[in-house]
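Below is one structure, written out as structure tokens; comments come after it.
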Amino acid sequence: MTVTELTENPESRFGAVLMAAARLPGVHIDRAAYLRTALSRSCSEEQIRIAIDETPAAAGIPDDVLEKAAKAAVGYETAKVSTLSAAAGIPGFIALPATVPADLAQYFGHMLRVAQKLAYLYSWPDLFSGDGKDIDDATRGVLTLFFGVMVGTHSANVAVGKVATMMAEQVAKKLPQKALTHGVVYPVVKKVATHLGAEMTKQTFAKSVSKAIPLVGAALSGGLTFATFRPMAKRLRTHLAGLELAKPRPVVAEGEGFFVVGTGQSPDAVRGTPLTGE
């Protein structure tokens, strides 16, 4: 994919790279498995169960626990993507036609990985379906907005906040399909995708320059990736953590169940269903 091709239709080019990155091996994060691993050292089994069945917010998991897990996710994905980017820069100029598109795809793949991890910690629903390679229009829309938040697009911040508010008000376990595909948020999704497509073109050019000299290109490419990826991931973490959707509901243990403070009821009872013992 050349720079000329990328600039023809920024929105379409971004969508194509997003879909290609989503199909890469290892990009799909199993929500239940990830939450269990991320929370196992700091939370009880009951809290983890509620976090998986409902959300970490419903489980009353404290902000500091979520922040620690989120920072670990950002650190891990930053180190991994930077290492891979450095490796792609070793061959130098002669391999540019092959290494730059591959590096861009894996960069987007790790953006998808960290976006999923942060979303699940901060009480968003499962973003992938089936085998993890299928992205419906609503998921594509929300991922586009997440990427927009990462690059500092104000309209994406506002749109993500609107989607989160809709979900919090409806206690929804799925993304609001209508709003993201042809409703109030959809125009923003299209605008952000166009912006990201243009930014992708600039990034491709920068990576091409950084890889032009063998070995030296490896250090430059890895350094450039580290310098861009980490701040973007931190930006998304900060934004998602500040949304009402992520706010933990105070829960205390009483008897064999968990009870929401101030109600004397379990989370299941508050939702209108009886608590079943473990």
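Each chain in the structure tokens gets a letter, A, B, ..., in the order shown, and its residues are numbered from 1; ligands are numbered from 1 in order too.
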Just the residues within 9 Å of range 15-18 of chain A, please, counting only C-alpha atoms, with nothing from its chain fewer than 6 positions along; format it as a tab-separated table (two decimals) with all heavy atoms, in the first residue's frame.
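Generated output (selection34.tsv):
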```tsv
chain	number	residue	atom	x	y	z
A	104	LEU	N	2.91	-1.21	9.85
A	104	LEU	CA	1.70	-0.44	10.10
A	104	LEU	C	0.57	-1.34	10.58
A	104	LEU	O	-0.16	-1.00	11.50
A	104	LEU	CB	1.28	0.30	8.82
A	104	LEU	CG	0.09	1.25	8.96
A	104	LEU	CD1	0.41	2.39	9.92
A	104	LEU	CD2	-0.30	1.81	7.60
A	105	ALA	N	0.44	-2.51	9.96
A	105	ALA	CA	-0.62	-3.44	10.33
A	105	ALA	C	-0.44	-3.94	11.77
A	105	ALA	O	-1.40	-3.99	12.55
A	105	ALA	CB	-0.65	-4.62	9.37
A	108	PHE	N	-1.30	-1.18	14.26
A	108	PHE	CA	-2.74	-1.09	14.46
A	108	PHE	C	-3.26	-2.29	15.26
A	108	PHE	O	-4.19	-2.16	16.05
A	108	PHE	CB	-3.45	-1.01	13.10
A	108	PHE	CG	-3.68	0.39	12.62
A	108	PHE	CD1	-2.61	1.26	12.47
A	108	PHE	CD2	-4.95	0.85	12.32
A	108	PHE	CE1	-2.80	2.56	12.03
A	108	PHE	CE2	-5.15	2.15	11.88
A	108	PHE	CZ	-4.08	3.01	11.73
A	109	GLY	N	-2.66	-3.45	15.01
A	109	GLY	CA	-3.05	-4.63	15.76
A	109	GLY	C	-2.85	-4.45	17.26
A	109	GLY	O	-3.71	-4.83	18.07
A	112	LEU	N	-5.39	-2.15	18.69
A	112	LEU	CA	-6.62	-2.89	18.95
A	112	LEU	C	-6.52	-3.69	20.24
A	112	LEU	O	-7.47	-3.76	21.02
A	112	LEU	CB	-6.92	-3.83	17.78
A	112	LEU	CG	-7.50	-3.20	16.52
A	112	LEU	CD1	-7.59	-4.23	15.40
A	112	LEU	CD2	-8.86	-2.60	16.79
A	140	ARG	N	-16.87	-1.54	14.78
A	140	ARG	CA	-15.95	-0.76	13.96
A	140	ARG	C	-16.07	0.72	14.32
A	140	ARG	O	-15.06	1.44	14.39
A	140	ARG	CB	-16.24	-0.99	12.49
A	140	ARG	CG	-15.30	-0.23	11.56
A	140	ARG	CD	-15.39	-0.76	10.14
A	140	ARG	NE	-16.77	-0.77	9.67
A	140	ARG	CZ	-17.15	-1.35	8.53
A	140	ARG	NH1	-16.26	-1.99	7.79
A	140	ARG	NH2	-18.41	-1.30	8.15
A	143	LEU	N	-14.45	1.36	17.84
A	143	LEU	CA	-12.99	1.25	17.75
A	143	LEU	C	-12.40	2.46	17.03
A	143	LEU	O	-11.33	2.96	17.40
A	143	LEU	CB	-12.60	-0.03	17.02
A	143	LEU	CG	-12.81	-1.33	17.81
A	143	LEU	CD1	-12.56	-2.54	16.91
A	143	LEU	CD2	-11.91	-1.39	19.03
A	144	THR	N	-13.09	2.95	16.02
A	144	THR	CA	-12.66	4.16	15.33
A	144	THR	C	-12.62	5.33	16.30
A	144	THR	O	-11.66	6.12	16.33
A	144	THR	CB	-13.60	4.48	14.16
A	144	THR	OG1	-13.56	3.42	13.20
A	144	THR	CG2	-13.19	5.78	13.46
A	193	ALA	N	-12.75	8.80	11.21
A	193	ALA	CA	-12.10	7.85	10.30
A	193	ALA	C	-11.32	8.58	9.21
A	193	ALA	O	-10.20	8.18	8.85
A	193	ALA	CB	-13.13	6.92	9.68
A	197	GLY	N	-7.31	8.38	8.73
A	197	GLY	CA	-6.72	7.98	7.46
A	197	GLY	C	-5.63	8.93	7.03
A	197	GLY	O	-4.58	8.51	6.53
```
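Interatomic distance, CA of Thr139 in chain A against CA of Lys173 in chain A: 13.1 Å.
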My list of candidates is A:Arg41, A:Lys80, A:Arg237, A:Arg13. Which is closest to Met150 in chain A when distances are computed with only C-alpha atoms? A:Arg237
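The smallest atom-to-atom distance between Gly242 in chain A and any of A:Asp53, A:Asp30, A:Glu46, A:Glu67, using only C-alpha atoms, is found for A:Glu67.
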Just want the 9 Å neighbourhood of Ala179 in chain A, counted on only C-alpha atoms, with same-chain residues fewer than 6 positions away dropped. Output as number ranges by chain. A: 138, 163, 185-186
Those residues you just picked out, can you put them in a file as a CSV table (one decimal), in the first residue's frame with C-alpha atoms?
```csv
chain,number,residue,atom,x,y,z
A,138,ALA,CA,-21.1,-0.8,15.7
A,163,VAL,CA,-21.9,6.2,23.9
A,185,VAL,CA,-22.8,9.3,16.8
A,186,TYR,CA,-22.3,8.0,13.2
```
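If you measure from each of A:Leu66, A:Ala32, A:Ala79, A:Ala246 to Met167 in chain A using only C-alpha atoms, the closest one turns out to be A:Ala246.
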Find the residues near Val114 in chain A: any atom within 10 Å, counting only C-alpha atoms, skip ones fewer than 4 places away on the same chain, and give them as a count of residues only. 19
If you measure from CA of Val142 in chain A to CA of Pro62 in chain A, what distance in Å do you get, rounded to one decimal? 25.3 Å
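For Ala172 in chain A, the set of protein, DNA and RNA residues having any atom at most 12 Å away, when counting only C-alpha atoms and skipping those fewer than 2 positions along the same chain, is A:Glu54, A:Thr55, A:Ser123, A:Trp124, A:Pro125, A:Asp126, A:Val163, A:Ala164, A:Thr165, A:Met166, A:Met167, A:Ala168, A:Glu169, A:Gln170, A:Lys174, A:Leu175, A:Pro176, A:Gln177, A:Leu245, A:Arg271.
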With N, CA, C and O atoms retained, write the just-selected residues as an mmCIF file, in the first residue's frame.
```cif
data_model
loop_
_atom_site.group_PDB
_atom_site.id
_atom_site.type_symbol
_atom_site.label_atom_id
_atom_site.label_comp_id
_atom_site.auth_asym_id
_atom_site.auth_seq_id
_atom_site.Cartn_x
_atom_site.Cartn_y
_atom_site.Cartn_z
ATOM 1 N N GLU A 54 -20.886 -9.394 34.633
ATOM 2 C CA GLU A 54 -21.456 -8.062 34.465
ATOM 3 C C GLU A 54 -20.357 -7.117 33.982
ATOM 4 O O GLU A 54 -20.046 -7.100 32.810
ATOM 5 N N THR A 55 -19.788 -6.346 34.900
ATOM 6 C CA THR A 55 -18.687 -5.425 34.585
ATOM 7 C C THR A 55 -17.830 -5.241 35.824
ATOM 8 O O THR A 55 -18.298 -5.471 36.947
ATOM 9 N N SER A 123 -15.268 -1.423 31.931
ATOM 10 C CA SER A 123 -16.676 -1.824 31.881
ATOM 11 C C SER A 123 -17.376 -1.694 30.528
ATOM 12 O O SER A 123 -18.596 -1.553 30.469
ATOM 13 N N TRP A 124 -16.617 -1.795 29.431
ATOM 14 C CA TRP A 124 -17.234 -1.884 28.126
ATOM 15 C C TRP A 124 -17.483 -3.358 27.808
ATOM 16 O O TRP A 124 -16.796 -4.239 28.317
ATOM 17 N N PRO A 125 -18.463 -3.654 26.955
ATOM 18 C CA PRO A 125 -18.784 -5.053 26.631
ATOM 19 C C PRO A 125 -17.781 -5.660 25.667
ATOM 20 O O PRO A 125 -16.896 -4.969 25.139
ATOM 21 N N ASP A 126 -17.930 -6.960 25.407
ATOM 22 C CA ASP A 126 -17.070 -7.665 24.468
ATOM 23 C C ASP A 126 -17.174 -7.003 23.099
ATOM 24 O O ASP A 126 -18.269 -6.799 22.570
ATOM 25 N N VAL A 163 -21.628 7.596 23.938
ATOM 26 C CA VAL A 163 -21.900 6.160 23.863
ATOM 27 C C VAL A 163 -21.874 5.545 25.260
ATOM 28 O O VAL A 163 -22.741 4.742 25.620
ATOM 29 N N ALA A 164 -20.886 5.925 26.059
ATOM 30 C CA ALA A 164 -20.777 5.394 27.419
ATOM 31 C C ALA A 164 -21.985 5.784 28.263
ATOM 32 O O ALA A 164 -22.489 4.978 29.063
ATOM 33 N N THR A 165 -22.464 7.008 28.089
ATOM 34 C CA THR A 165 -23.637 7.466 28.838
ATOM 35 C C THR A 165 -24.876 6.662 28.455
ATOM 36 O O THR A 165 -25.671 6.269 29.318
ATOM 37 N N MET A 166 -25.049 6.405 27.162
ATOM 38 C CA MET A 166 -26.180 5.593 26.700
ATOM 39 C C MET A 166 -26.157 4.218 27.352
ATOM 40 O O MET A 166 -27.177 3.707 27.821
ATOM 41 N N MET A 167 -24.969 3.615 27.398
ATOM 42 C CA MET A 167 -24.848 2.278 27.959
ATOM 43 C C MET A 167 -25.080 2.289 29.467
ATOM 44 O O MET A 167 -25.715 1.389 30.015
ATOM 45 N N ALA A 168 -24.560 3.300 30.142
ATOM 46 C CA ALA A 168 -24.726 3.389 31.598
ATOM 47 C C ALA A 168 -26.192 3.590 31.967
ATOM 48 O O ALA A 168 -26.692 2.988 32.920
ATOM 49 N N GLU A 169 -26.900 4.425 31.210
ATOM 50 C CA GLU A 169 -28.298 4.700 31.499
ATOM 51 C C GLU A 169 -29.189 3.487 31.264
ATOM 52 O O GLU A 169 -30.170 3.260 31.962
ATOM 53 N N GLN A 170 -28.820 2.691 30.255
ATOM 54 C CA GLN A 170 -29.640 1.535 29.900
ATOM 55 C C GLN A 170 -29.153 0.241 30.546
ATOM 56 O O GLN A 170 -29.746 -0.817 30.352
ATOM 57 N N LYS A 174 -24.467 -4.483 25.497
ATOM 58 C CA LYS A 174 -24.039 -4.419 24.104
ATOM 59 C C LYS A 174 -23.900 -2.960 23.694
ATOM 60 O O LYS A 174 -24.485 -2.068 24.303
ATOM 61 N N LEU A 175 -23.117 -2.746 22.634
ATOM 62 C CA LEU A 175 -22.954 -1.401 22.121
ATOM 63 C C LEU A 175 -24.274 -0.909 21.521
ATOM 64 O O LEU A 175 -25.043 -1.706 20.981
ATOM 65 N N PRO A 176 -24.549 0.386 21.598
ATOM 66 C CA PRO A 176 -25.761 0.940 20.988
ATOM 67 C C PRO A 176 -25.641 0.952 19.460
ATOM 68 O O PRO A 176 -25.062 1.864 18.884
ATOM 69 N N GLN A 177 -26.156 -0.072 18.825
ATOM 70 C CA GLN A 177 -25.994 -0.264 17.380
ATOM 71 C C GLN A 177 -26.489 0.943 16.577
ATOM 72 O O GLN A 177 -25.792 1.433 15.686
ATOM 73 N N LEU A 245 -19.485 5.269 33.127
ATOM 74 C CA LEU A 245 -19.609 3.824 32.923
ATOM 75 C C LEU A 245 -18.589 3.044 33.744
ATOM 76 O O LEU A 245 -18.843 1.910 34.160
ATOM 77 N N ARG A 271 -30.989 -5.511 40.254
ATOM 78 C CA ARG A 271 -31.413 -5.651 38.870
ATOM 79 C C ARG A 271 -32.744 -6.357 38.758
ATOM 80 O O ARG A 271 -33.254 -6.581 37.664
#
```
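Using only C-alpha atoms, the smallest distance between any of A:Ser82, A:His239, A:Gly183, A:Leu127 and His154 in chain A comes from A:His239.
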